[in-house]
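With CSV, C-alpha atoms inside, this is protein_36.csv:
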chain,number,residue,atom,x,y,z
Z,1446,MET,CA,23.2,35.4,39.5
Z,1447,THR,CA,19.7,36.4,40.2
Z,1448,LEU,CA,16.9,36.4,37.6
Z,1449,SER,CA,13.6,38.0,38.2
Z,1450,ARG,CA,10.5,36.1,37.2
Z,1451,ARG,CA,9.6,38.8,34.6
Z,1452,LYS,CA,13.0,38.5,33.0
Z,1453,PHE,CA,12.9,34.7,33.0
Z,1454,LEU,CA,9.5,34.7,31.3
Z,1455,LYS,CA,10.7,37.3,28.7
Z,1456,THR,CA,13.8,35.2,27.9
Z,1457,THR,CA,11.8,32.0,27.6
Z,1458,ALA,CA,9.3,33.6,25.3
Z,1459,ALA,CA,12.0,35.1,23.1
Z,1460,ALA,CA,13.8,31.8,22.8
Z,1461,ALA,CA,10.5,30.0,21.9
Z,1462,LEU,CA,9.7,32.6,19.2
Z,1463,THR,CA,13.2,32.2,17.7
Z,1464,ALA,CA,12.9,28.5,17.6
Z,1465,MET,CA,9.6,28.7,15.8
Z,1466,ALA,CA,11.1,31.2,13.3
Z,1467,ILE,CA,13.8,28.8,12.2
Z,1468,PRO,CA,12.6,27.0,9.0
Z,1469,LYS,CA,12.5,23.2,9.2
Z,1470,ALA,CA,13.4,20.8,6.5
Z,1471,GLY,CA,10.8,20.4,3.9
Z,1472,GLN,CA,8.8,23.5,4.9
Z,1473,GLY,CA,7.8,26.0,2.3
Z,1474,PHE,CA,7.0,23.3,-0.2
Z,1475,GLU,CA,3.3,22.5,-0.2
Z,1476,LEU,CA,2.4,19.1,-1.6
Z,1477,GLU,CA,-1.3,19.5,-1.2
Z,1478,GLY,CA,-3.1,20.7,-4.3
Z,1479,ARG,CA,-0.6,19.2,-6.6
Z,1480,MET,CA,-2.5,15.9,-6.9
Z,1481,SER,CA,-5.5,15.1,-9.1
Z,1482,PRO,CA,-7.5,12.0,-10.1
Z,1483,GLY,CA,-6.5,9.9,-13.1
Z,1484,PRO,CA,-7.9,11.3,-16.4
Z,1485,LYS,CA,-9.3,7.9,-17.4
Z,1486,ALA,CA,-10.6,6.9,-13.9
Z,1487,LEU,CA,-14.0,5.2,-13.8
Z,1488,LYS,CA,-16.2,7.0,-11.3
Z,1489,ALA,CA,-19.4,5.9,-9.5
Z,1490,LYS,CA,-21.3,7.1,-6.5
Z,1491,ARG,CA,-21.4,3.6,-5.2
Z,1492,TRP,CA,-19.8,0.7,-6.9
Z,1493,GLY,CA,-21.8,-2.5,-6.8
Z,1494,MET,CA,-21.5,-6.1,-8.2
Z,1495,VAL,CA,-24.2,-8.4,-9.4
Z,1496,VAL,CA,-23.4,-12.1,-9.5
Z,1497,ASP,CA,-25.8,-13.9,-11.7
Z,1498,MET,CA,-25.5,-17.4,-10.4
Z,1499,ARG,CA,-27.8,-18.7,-13.2
Z,1500,ARG,CA,-25.0,-18.1,-15.7
Z,1501,CYS,CA,-22.1,-19.3,-13.5
Z,1502,LYS,CA,-20.8,-22.6,-14.8
Z,1503,ASP,CA,-18.1,-24.8,-13.5
Z,1504,ASP,CA,-16.4,-25.4,-16.8
Z,1505,CYS,CA,-14.3,-22.3,-16.7
Z,1506,ALA,CA,-12.5,-23.7,-13.6
Z,1507,GLY,CA,-12.7,-20.5,-11.7
Z,1508,ALA,CA,-11.1,-18.2,-14.3
Z,1509,CYS,CA,-12.3,-15.1,-12.3
Z,1510,ILE,CA,-10.6,-16.4,-9.2
Z,1511,LYS,CA,-7.4,-17.1,-11.0
Z,1512,ALA,CA,-7.4,-13.7,-12.7
Z,1513,CYS,CA,-8.0,-11.9,-9.5
Z,1514,HIS,CA,-5.4,-13.7,-7.5
Z,1515,ALA,CA,-2.8,-13.4,-10.3
Z,1516,VAL,CA,-3.4,-9.6,-10.7
Z,1517,HIS,CA,-3.2,-9.0,-6.9
Z,1518,ASN,CA,-0.4,-11.3,-6.1
Z,1519,VAL,CA,-2.6,-13.4,-3.8
Z,1520,PRO,CA,-0.5,-16.4,-2.5
Z,1521,TYR,CA,-1.7,-19.9,-2.8
Z,1522,ILE,CA,-0.9,-21.6,0.5
Z,1523,PRO,CA,-1.9,-25.2,0.7
Z,1524,GLN,CA,-2.3,-25.2,4.4
Z,1525,ALA,CA,-6.0,-24.5,4.9
Z,1526,GLU,CA,-5.7,-22.3,8.0
Z,1527,HIS,CA,-3.1,-20.0,6.3
Z,1528,GLN,CA,-5.0,-19.6,3.1
Z,1529,VAL,CA,-5.5,-16.1,1.6
Z,1530,MET,CA,-8.6,-15.5,-0.5
Z,1531,TRP,CA,-10.0,-12.4,-2.2
Z,1532,LEU,CA,-12.5,-14.2,-4.4
Z,1533,PHE,CA,-13.6,-17.7,-3.4
Z,1534,LEU,CA,-16.3,-20.4,-3.7
Z,1535,GLU,CA,-18.5,-21.7,-1.0
Z,1536,PRO,CA,-21.6,-23.9,-0.9
Z,1537,TYR,CA,-25.0,-22.2,-0.6
Z,1538,GLU,CA,-25.3,-23.2,3.0
Z,1539,ASN,CA,-22.2,-21.3,3.9
Z,1540,ALA,CA,-23.0,-18.3,1.8
Z,1541,PHE,CA,-26.6,-17.9,3.0
Z,1542,PRO,CA,-26.6,-19.9,6.3
Z,1543,GLU,CA,-29.8,-18.3,7.6
Z,1544,GLN,CA,-31.7,-19.3,4.4
Z,1545,SER,CA,-30.3,-22.7,3.8
Z,1546,ARG,CA,-33.3,-24.7,4.9
Z,1547,GLY,CA,-36.0,-23.3,2.7
Z,1548,LEU,CA,-34.1,-23.8,-0.5
Z,1549,THR,CA,-32.5,-27.2,0.1
Z,1550,ALA,CA,-34.5,-28.7,-2.8
Z,1551,GLY,CA,-33.9,-25.7,-5.1
Z,1552,THR,CA,-31.7,-25.6,-8.2
Z,1553,ALA,CA,-29.1,-23.4,-6.7
Z,1554,ILE,CA,-28.2,-25.7,-3.9
Z,1555,LYS,CA,-25.5,-27.7,-5.6
Z,1556,GLN,CA,-23.8,-24.7,-7.1
Z,1557,LYS,CA,-20.9,-23.1,-5.3
Z,1558,PHE,CA,-21.4,-19.4,-4.8
Z,1559,LEU,CA,-18.8,-16.8,-5.7
Z,1560,LEU,CA,-18.0,-14.8,-2.6
Z,1561,MET,CA,-15.9,-11.7,-2.0
Z,1562,CYS,CA,-15.8,-8.6,0.2
Z,1563,ASN,CA,-19.2,-7.0,0.2
Z,1564,HIS,CA,-18.0,-3.4,0.4
Z,1565,CYS,CA,-20.8,-2.7,2.9
Z,1566,GLU,CA,-22.7,0.5,3.2
Z,1567,ASP,CA,-21.9,0.4,6.9
Z,1568,PRO,CA,-18.8,-1.8,7.2
Z,1569,PRO,CA,-18.3,-3.3,10.6
Z,1570,CYS,CA,-14.6,-3.9,9.8
Z,1571,VAL,CA,-14.0,-0.2,9.5
Z,1572,ARG,CA,-15.6,0.4,12.9
Z,1573,ALA,CA,-13.4,-2.2,14.5
Z,1574,CYS,CA,-10.1,-1.1,12.9
Z,1575,PRO,CA,-8.1,0.8,15.6
Z,1576,THR,CA,-5.6,2.4,13.1
Z,1577,GLN,CA,-8.0,3.4,10.2
Z,1578,ALA,CA,-6.0,1.0,8.0
Z,1579,THR,CA,-9.3,-0.2,6.7
Z,1580,PHE,CA,-11.7,2.6,5.7
Z,1581,LYS,CA,-14.6,3.3,3.4
Z,1582,ARG,CA,-14.0,5.7,0.6
Z,1583,GLN,CA,-16.7,8.4,0.8
Z,1584,ASP,CA,-16.8,9.1,-2.9
Z,1585,ASP,CA,-17.4,5.6,-4.3
Z,1586,GLY,CA,-18.1,3.3,-1.3
Z,1587,ILE,CA,-15.2,1.0,-1.8
Z,1588,VAL,CA,-13.9,-0.5,1.5
Z,1589,MET,CA,-10.2,-0.2,1.2
Z,1590,MET,CA,-7.1,-1.5,3.0
Z,1591,ASP,CA,-4.1,0.7,3.6
Z,1592,TYR,CA,-1.5,-2.1,4.2
Z,1593,HIS,CA,1.0,0.6,5.3
Z,1594,ARG,CA,-1.1,1.2,8.4
Z,1595,CYS,CA,-2.3,-2.3,9.2
Z,1596,ILE,CA,-0.9,-3.6,12.6
Z,1597,GLY,CA,-2.3,-7.1,12.2
Z,1598,CYS,CA,-4.6,-7.0,15.2
Z,1599,ARG,CA,-7.3,-8.9,13.2
Z,1600,PHE,CA,-10.2,-7.0,14.8
Z,1601,CYS,CA,-11.6,-6.5,11.3
Z,1602,MET,CA,-11.6,-10.2,10.7
Z,1603,ALA,CA,-13.5,-10.8,13.8
Z,1604,ALA,CA,-15.9,-8.0,12.9
Z,1605,CYS,CA,-16.6,-9.1,9.3
Z,1606,PRO,CA,-19.7,-11.3,9.2
Z,1607,TYR,CA,-18.8,-12.6,5.8
Z,1608,GLY,CA,-15.3,-14.1,6.3
Z,1609,SER,CA,-14.0,-11.9,3.5
Z,1610,ARG,CA,-10.7,-11.1,5.1
Z,1611,SER,CA,-7.6,-13.2,5.3
Z,1612,PHE,CA,-4.5,-12.8,7.5
Z,1613,ASN,CA,-1.0,-13.2,6.4
Z,1614,PHE,CA,0.3,-15.7,9.0
Z,1615,ARG,CA,3.5,-16.0,7.0
Z,1616,ASP,CA,5.5,-14.2,4.3
Z,1617,PRO,CA,3.3,-14.7,1.2
Z,1618,ARG,CA,6.0,-14.1,-1.4
Z,1619,PRO,CA,7.2,-17.7,-1.6
Z,1620,PHE,CA,3.7,-18.9,-2.3
Z,1621,ILE,CA,3.1,-16.6,-5.3
Z,1622,SER,CA,3.8,-18.6,-8.4
Z,1623,SER,CA,4.4,-15.6,-10.6
Z,1624,ILE,CA,4.6,-12.1,-9.2
Z,1625,ASN,CA,2.8,-9.2,-11.0
Z,1626,PRO,CA,5.4,-6.5,-10.4
Z,1627,GLY,CA,2.8,-3.7,-11.0
Z,1628,TYR,CA,1.0,-4.5,-7.8
Z,1629,PRO,CA,2.5,-4.9,-4.4
Z,1630,THR,CA,2.5,-8.2,-2.5
Z,1631,ARG,CA,1.6,-8.2,1.2
Z,1632,ARG,CA,3.9,-8.9,4.1
Z,1633,LYS,CA,3.6,-11.1,7.0
Z,1634,GLY,CA,1.2,-9.8,9.6
Z,1635,VAL,CA,-1.3,-7.8,7.6
Z,1636,VAL,CA,-4.9,-8.5,6.7
Z,1637,GLU,CA,-6.0,-8.4,3.1
Z,1638,LYS,CA,-9.2,-8.6,1.0
Z,1639,CYS,CA,-10.9,-7.8,-2.3
Z,1640,ASN,CA,-10.6,-4.1,-3.1
Z,1641,PHE,CA,-13.1,-4.0,-6.1
Z,1642,CYS,CA,-9.9,-3.6,-8.2
Z,1643,GLN,CA,-9.5,0.0,-7.1
Z,1644,GLU,CA,-6.1,0.2,-8.8
Z,1645,ARG,CA,-7.7,-0.8,-12.1
Z,1646,LEU,CA,-10.7,1.5,-11.8
Z,1647,GLU,CA,-8.3,4.5,-11.4
Z,1648,ILE,CA,-6.7,3.8,-14.7
Z,1649,GLY,CA,-10.0,3.1,-16.5
Z,1650,GLN,CA,-10.2,-0.7,-16.4
Z,1651,MET,CA,-13.0,-2.9,-15.1
Z,1652,PRO,CA,-12.2,-5.3,-12.2
Z,1653,ALA,CA,-10.2,-8.3,-13.3
Z,1654,CYS,CA,-12.9,-10.9,-12.5
Z,1655,VAL,CA,-15.5,-9.0,-14.5
Z,1656,GLU,CA,-13.2,-8.6,-17.4
Z,1657,VAL,CA,-12.2,-12.3,-17.6
Z,1658,CYS,CA,-15.7,-13.8,-17.1
Z,1659,LYS,CA,-17.0,-14.8,-20.5
Z,1660,GLU,CA,-20.4,-16.0,-19.3
Z,1661,GLY,CA,-21.5,-12.6,-18.1
Z,1662,VAL,CA,-21.9,-13.7,-14.5
Z,1663,LEU,CA,-20.4,-10.5,-13.1
Z,1664,THR,CA,-21.8,-7.0,-13.7
Z,1665,PHE,CA,-20.0,-4.1,-12.0
Z,1666,ARG,CA,-21.6,-0.6,-12.2
Z,1667,ASP,CA,-22.9,2.2,-10.2
Z,1668,LEU,CA,-25.7,1.2,-7.8
Z,1669,ARG,CA,-26.8,4.8,-7.2
Z,1670,ASP,CA,-27.4,5.3,-10.9
Z,1671,PRO,CA,-30.9,4.1,-11.8
Z,1672,ASP,CA,-30.0,3.7,-15.5
Z,1673,SER,CA,-26.9,1.5,-14.8
Z,1674,THR,CA,-26.8,-2.1,-15.8
Z,1675,VAL,CA,-26.7,-3.3,-12.2
Z,1676,SER,CA,-29.8,-1.2,-11.3
Z,1677,LYS,CA,-31.6,-2.6,-14.4
Z,1678,ILE,CA,-30.8,-6.2,-13.5
Z,1679,LEU,CA,-31.8,-5.7,-9.9
Z,1680,ALA,CA,-35.1,-4.1,-10.9
Z,1681,LYS,CA,-35.9,-7.0,-13.2
Z,1682,HIS,CA,-34.7,-10.1,-11.3
Z,1683,PRO,CA,-35.3,-11.4,-7.8
Z,1684,HIS,CA,-32.0,-11.1,-5.9
Z,1685,MET,CA,-30.5,-11.5,-2.5
Z,1686,ARG,CA,-27.7,-10.2,-0.4
Z,1687,ARG,CA,-25.7,-12.0,2.2
Z,1688,LYS,CA,-27.0,-11.6,5.8
Z,1689,PRO,CA,-29.1,-8.6,5.1
Z,1690,ASP,CA,-30.6,-8.6,8.6
Z,1691,LEU,CA,-27.2,-7.5,10.1
Z,1692,GLY,CA,-27.8,-4.1,8.5
Z,1693,THR,CA,-24.3,-3.9,6.9
Z,1694,GLY,CA,-25.8,-3.1,3.5
Z,1695,PRO,CA,-23.6,-5.3,1.1
Z,1696,SER,CA,-22.8,-4.0,-2.4
Z,1697,VAL,CA,-22.7,-7.5,-3.8
Z,1698,TYR,CA,-26.0,-8.9,-5.1
Z,1699,TYR,CA,-26.8,-12.4,-6.1
Z,1700,VAL,CA,-29.4,-13.3,-8.8
Z,1701,LEU,CA,-30.6,-16.9,-8.5
L,1300,MET,CA,35.7,23.9,42.5
L,1301,PHE,CA,36.3,20.5,43.9
L,1302,ASN,CA,38.1,17.9,41.9
L,1303,ARG,CA,38.8,20.4,39.2
L,1304,GLY,CA,41.0,18.0,37.2
L,1305,TRP,CA,38.4,15.3,37.2
L,1306,VAL,CA,35.5,17.5,36.3
L,1307,ILE,CA,37.3,19.4,33.4
L,1308,GLY,CA,39.0,16.3,32.3
L,1309,GLY,CA,35.6,14.5,32.3
L,1310,ILE,CA,33.9,17.2,30.3
L,1311,ILE,CA,36.7,17.1,27.7
L,1312,ALA,CA,36.5,13.3,27.5
L,1313,PHE,CA,32.7,13.5,27.1
L,1314,VAL,CA,32.9,16.1,24.4
L,1315,ALA,CA,35.6,14.1,22.6
L,1316,ALA,CA,33.5,11.0,22.7
L,1317,ALA,CA,30.1,12.6,21.9
L,1318,GLY,CA,31.4,14.8,19.1
L,1319,PHE,CA,33.3,12.0,17.5
L,1320,PRO,CA,31.0,11.6,14.5
L,1321,PHE,CA,31.1,15.3,13.8
L,1322,TYR,CA,34.9,15.9,13.7
L,1323,TRP,CA,35.5,12.6,12.2
L,1324,HIS,CA,33.3,13.8,9.3
L,1325,VAL,CA,35.0,17.2,9.2
L,1326,LEU,CA,38.4,15.4,9.0
L,1327,GLY,CA,37.1,13.5,6.1
L,1328,ARG,CA,37.7,10.1,7.7
L,1329,HIS,CA,34.1,8.9,7.2
L,1330,GLU,CA,33.0,6.2,4.9
L,1331,PRO,CA,33.0,7.5,1.3
L,1332,PHE,CA,29.6,8.3,0.0
L,1333,PRO,CA,28.4,5.4,-2.1
L,1334,GLU,CA,28.2,5.7,-5.9
L,1335,LEU,CA,24.6,5.9,-6.9
L,1336,GLU,CA,23.4,4.8,-10.3
L,1337,ARG,CA,21.8,7.8,-12.1
L,1338,PRO,CA,19.2,7.1,-14.7
L,1339,LYS,CA,20.6,7.2,-18.2
L,1340,GLY,CA,19.1,9.9,-20.5
L,1341,GLU,CA,17.1,11.6,-17.7
L,1342,LYS,CA,18.2,15.0,-16.5
L,1343,SER,CA,15.7,15.8,-13.8
L,1344,CYS,CA,13.7,13.9,-11.2
L,1345,VAL,CA,10.0,14.6,-10.3
L,1346,GLU,CA,11.1,17.6,-8.3
L,1347,GLY,CA,14.6,19.3,-8.0
L,1348,VAL,CA,17.5,17.1,-7.0
L,1349,ALA,CA,18.1,18.9,-3.7
L,1350,TYR,CA,14.5,18.5,-2.7
L,1351,MET,CA,14.4,14.8,-3.7
L,1352,ARG,CA,17.6,14.1,-1.8
L,1353,THR,CA,16.3,15.4,1.5
L,1354,ASP,CA,12.5,15.0,1.1
L,1355,HIS,CA,11.8,12.1,-1.2
L,1356,MET,CA,10.3,10.2,1.8
L,1357,ARG,CA,7.8,13.1,2.4
L,1358,LEU,CA,6.9,13.1,-1.3
L,1359,LEU,CA,6.4,9.3,-1.3
L,1360,HIS,CA,4.4,9.5,1.9
L,1361,ALA,CA,2.1,12.1,0.4
L,1362,TRP,CA,1.8,10.1,-2.8
L,1363,ARG,CA,0.8,7.0,-0.9
L,1364,THR,CA,-1.8,8.8,1.1
L,1365,ALA,CA,-3.2,10.5,-2.0
L,1366,VAL,CA,-3.4,7.2,-4.0
L,1367,VAL,CA,-4.6,4.8,-1.3
L,1368,ARG,CA,-6.9,7.1,0.6
L,1369,ASP,CA,-8.0,10.0,-1.6
L,1370,ASP,CA,-8.4,8.3,-4.9
L,1371,LEU,CA,-5.9,10.5,-6.7
L,1372,LEU,CA,-3.4,9.4,-9.3
L,1373,ILE,CA,-1.6,12.3,-11.0
L,1374,TYR,CA,1.0,14.6,-9.5
L,1375,THR,CA,1.8,17.9,-11.1
L,1376,ALA,CA,5.4,18.9,-10.3
L,1377,SER,CA,6.6,22.5,-9.7
L,1378,ASN,CA,7.7,22.7,-13.4
L,1379,GLY,CA,4.2,21.7,-14.6
L,1380,LYS,CA,5.3,18.1,-15.6
L,1381,ARG,CA,2.7,15.5,-14.7
L,1382,PHE,CA,3.6,12.1,-13.2
L,1383,GLU,CA,1.6,9.1,-12.2
L,1384,MET,CA,1.9,8.6,-8.5
L,1385,ASN,CA,3.3,5.1,-8.7
L,1386,LEU,CA,6.5,3.8,-7.2
L,1387,HIS,CA,6.8,1.0,-9.6
L,1388,LYS,CA,6.0,2.9,-12.9
L,1389,THR,CA,7.3,6.3,-12.1
L,1390,CYS,CA,10.2,6.1,-9.7
L,1391,MET,CA,11.5,2.7,-10.7
L,1392,GLY,CA,10.8,3.4,-14.3
L,1393,CYS,CA,14.0,5.6,-14.2
L,1394,HIS,CA,15.9,4.3,-11.2
L,1395,GLN,CA,15.9,0.8,-12.5
L,1396,SER,CA,18.0,-0.8,-9.8
L,1397,ARG,CA,16.8,-0.8,-6.3
L,1398,ASP,CA,20.1,-2.2,-5.1
L,1399,ARG,CA,22.3,0.3,-6.8
L,1400,PHE,CA,20.2,3.4,-6.0
L,1401,CYS,CA,17.9,3.1,-3.0
L,1402,THR,CA,19.7,0.5,-1.0
L,1403,ARG,CA,23.1,1.9,-1.3
L,1404,CYS,CA,22.1,5.3,0.1
L,1405,HIS,CA,19.8,3.8,2.7
L,1406,ASP,CA,22.6,1.5,3.9
L,1407,TYR,CA,25.0,4.4,4.0
L,1408,ASN,CA,22.6,6.4,6.1
L,1409,ASP,CA,21.7,3.3,8.2
L,1410,VAL,CA,17.9,3.5,7.5
L,1411,SER,CA,15.9,0.5,6.4
L,1412,PRO,CA,12.4,1.6,5.2
L,1413,PRO,CA,10.2,-1.5,4.6
L,1414,CYS,CA,9.1,-0.5,1.1
L,1415,TRP,CA,10.3,-3.7,-0.5
L,1416,ASP,CA,8.5,-6.0,1.9
L,1417,CYS,CA,5.5,-5.5,-0.3
L,1418,HIS,CA,6.4,-3.4,-3.3
L,1419,VAL,CA,8.2,-5.5,-6.0
L,1420,ALA,CA,11.6,-4.2,-7.1
L,1421,PRO,CA,11.9,-4.2,-10.9
L,1422,GLU,CA,14.0,-7.0,-12.4
L,1423,VAL,CA,16.5,-5.8,-14.9
L,1424,PRO,CA,18.0,-9.1,-16.2
L,1425,GLU,CA,20.6,-7.6,-18.5
L,1426,VAL,CA,21.9,-5.3,-15.8
L,1427,ARG,CA,21.9,-8.1,-13.2
L,1428,VAL,CA,25.0,-9.6,-14.8
L,1429,GLN,CA,26.8,-6.3,-14.3
L,1430,GLN,CA,25.5,-6.1,-10.8
L,1431,SER,CA,27.0,-9.4,-9.9
L,1432,GLU,CA,30.3,-8.2,-11.4
L,1433,ILE,CA,30.1,-5.1,-9.3
L,1434,SER,CA,29.3,-6.9,-6.1
L,1435,ARG,CA,32.2,-9.3,-6.9
L,1436,LYS,CA,34.5,-6.4,-7.4
L,1437,GLU,CA,33.4,-4.7,-4.3
L,1438,THR,CA,33.9,-7.9,-2.3
L,1439,SER,CA,37.4,-8.3,-3.6
L,1440,ASP,CA,38.1,-4.6,-2.9
L,1441,ASP,CA,36.8,-5.0,0.6
L,1442,MET,CA,38.9,-8.1,1.1
L,1443,GLN,CA,42.0,-6.2,0.1
L,1444,LYS,CA,41.2,-3.4,2.5
L,1445,GLY,CA,40.5,-6.0,5.1
L,1446,SER,CA,37.1,-4.7,6.1
L,1447,PRO,CA,34.1,-6.8,5.9
L,1448,SER,CA,31.2,-5.2,4.0
Can you turn what I pasted into structure tokens?
Amino acid sequence: MTLSRRKFLKTTAAAALTAMAIPKAGQGFELEGRMSPGPKALKAKRWGMVVDMRRCKDDCAGACIKACHAVHNVPYIPQAEHQVMWLFLEPYENAFPEQSRGLTAGTAIKQKFLLMCNHCEDPPCVRACPTQATFKRQDDGIVMMDYHRCIGCRFCMAACPYGSRSFNFRDPRPFISSINPGYPTRRKGVVEKCNFCQERLEIGQMPACVEVCKEGVLTFRDLRDPDSTVSKILAKHPHMRRKPDLGTGPSVYYVL
Amino acid sequence: MFNRGWVIGGIIAFVAAAGFPFYWHVLGRHEPFPELERPKGEKSCVEGVAYMRTDHMRLLHAWRTAVVRDDLLIYTASNGKRFEMNLHKTCMGCHQSRDRFCTRCHDYNDVSPPCWDCHVAPEVPEVRVQQSEISRKETSDDMQKGSPS
């Protein structure tokens, strides 16, 4: 059998067109455009947290940390190197290492500082992530984790100058005392961190730590809105951010 | 043709082996389709049953992207009904048992999506008793048939 080049090309093209015309499973059903934001969702141009350390007392025994970790199924692993933390306490020297000398005699020095993910303006973790598992939401500035995409390379942990990220070196489930079924746990091999309670904001609730703190230490509002509570506090009181010289632009402010 | 017997015989043997799953299925000798627990009192799913059966993974995938990455929450179905895009509240709100719905079909189709590594399957204590009865019954049935499950 002989086949001219012209005939071969014609046959190939016809076969390709036929193959393209055959409908594939799931085609003809468009999912885009069917989704909309929650009706009660709290919105902001850029969410920000003010931690008023003057009001933070020890006598609540870390109620905010307990609330956060209970809501998000954060495991308690006694082994220090495997610990997972979203919200945690560190001494002043660790929170503000570059400014620790000047204030050693100050009042704030003995107090432990409440630390969390800073949800940076220009987050280095997002640049480091090779799979876009961690990303910054353009509409409200929250730096999110998509655990589905995380491959556990830990580049983000190396990139984060604040130590806000934890890696699941082991299956966290056995270390969660009571599981909140409404929020997923994590699995072994993914990185996790504070998400500014994105899952609560979308149903109209304030972050768990803010809601539980009775002393008014934590204020969570829109940093871009000049009339918001955080903007007013920041206009009135001297405040600081962690490692500002790195240029990451943290959204968490500390009032001393 | 050289070795005609071997070549044709070989082709027949290959087709017989490679086509085994197909004609075994046509002959009806395949494993019976597992009984799935349907939600009581609910007539329809988020979308049509046929679509859900073949494309639920695409729907869930789109939901996941919309919720995690695009800050969306509500899904409006073809019939205008609105659902919160939430595996725990919406899907498992009706399909209360992971083991008697999701897992049975996934096992049958030999797929193991890792959903439950992180998502928490709902606990239904009063049904759990029945479930253990079912699994006991299944085990005894299997033992009678002599096939390990």
May I have a table of the residues of chain L lying at most 7 Å from chain Z, giving each one's closest pair of atoms and their distance in Å to one decimal, counting all atoms listed in the file, ordered by chain and ascending residue number, as a Markdown table?
| residue | atom | partner | partner_atom | distance |
| --- | --- | --- | --- | --- |
| L:Asp1354 | CA | Z:Gly1471 | CA | 6.3 |
| L:Val1367 | CA | Z:Asp1591 | CA | 6.4 |
| L:Asp1370 | CA | Z:Pro1482 | CA | 6.4 |
| L:Leu1371 | CA | Z:Pro1482 | CA | 4.0 |
| L:Leu1372 | CA | Z:Pro1482 | CA | 4.9 |
| L:Ile1373 | CA | Z:Ser1481 | CA | 5.2 |
| L:Tyr1374 | CA | Z:Met1480 | CA | 4.5 |
| L:Thr1375 | CA | Z:Arg1479 | CA | 5.3 |
| L:His1387 | CA | Z:Gly1627 | CA | 6.3 |
| L:Asp1416 | CA | Z:Arg1632 | CA | 5.9 |
| L:Cys1417 | CA | Z:Thr1630 | CA | 4.6 |
| L:His1418 | CA | Z:Pro1629 | CA | 4.3 |
| L:Val1419 | CA | Z:Pro1626 | CA | 5.3 |
| L:Pro1421 | CA | Z:Pro1626 | CA | 6.9 |
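One finds atom CA of Ala1316 of chain L at 21.7 Å from atom CA of Pro1331 of chain L.
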Original post:
To one decimal place, how far is atom CA of Gly1634 of chain Z from atom CA of Cys1595 of chain Z in Å?
Top reply: 8.3 Å
Original post:
Between atom CA of His1682 of chain Z and atom CA of Trp1492 of chain Z, what is the distance, to one decimal in Å?
Top reply: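 Taking atom CA of His1682 of chain Z and atom CA of Trp1492 of chain Z, their separation equals 18.9 Å.
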**OP:** Around the point (-20.7, -4.0, 0.4), in the coordinates given by the file, pick out the residues reaching within 6 Å, counting only C-alpha atoms, and return them as number ranges by chain.
**Re:** Z: 1563-1566, 1695-1697
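Nearest to Leu1679 of chain Z of all the residues Z:Gly1694, Z:Gly1493, Z:Gly1507, Z:Pro1569 is Z:Gly1493, based on all atoms listed in the file.
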Original post:
Which neighbours of Gln1524 of chain Z fall inside 12 Å, counting all atoms listed in the file, when residues of the same chain fewer than 6 positions from it are skipped, and could you give them as a list in words?
Top reply: Phe1614, Arg1615 and Phe1620 of chain Z
Residues of the last selection are to be written out with C-alpha atoms, as a PDB file, in the frame of the given file.
ATOM      1  CA  PHE Z1614       0.300 -15.700   9.000  1.00  0.00           C
ATOM      2  CA  ARG Z1615       3.500 -16.000   7.000  1.00  0.00           C
ATOM      3  CA  PHE Z1620       3.700 -18.900  -2.300  1.00  0.00           C
TER       4      PHE Z1620
END
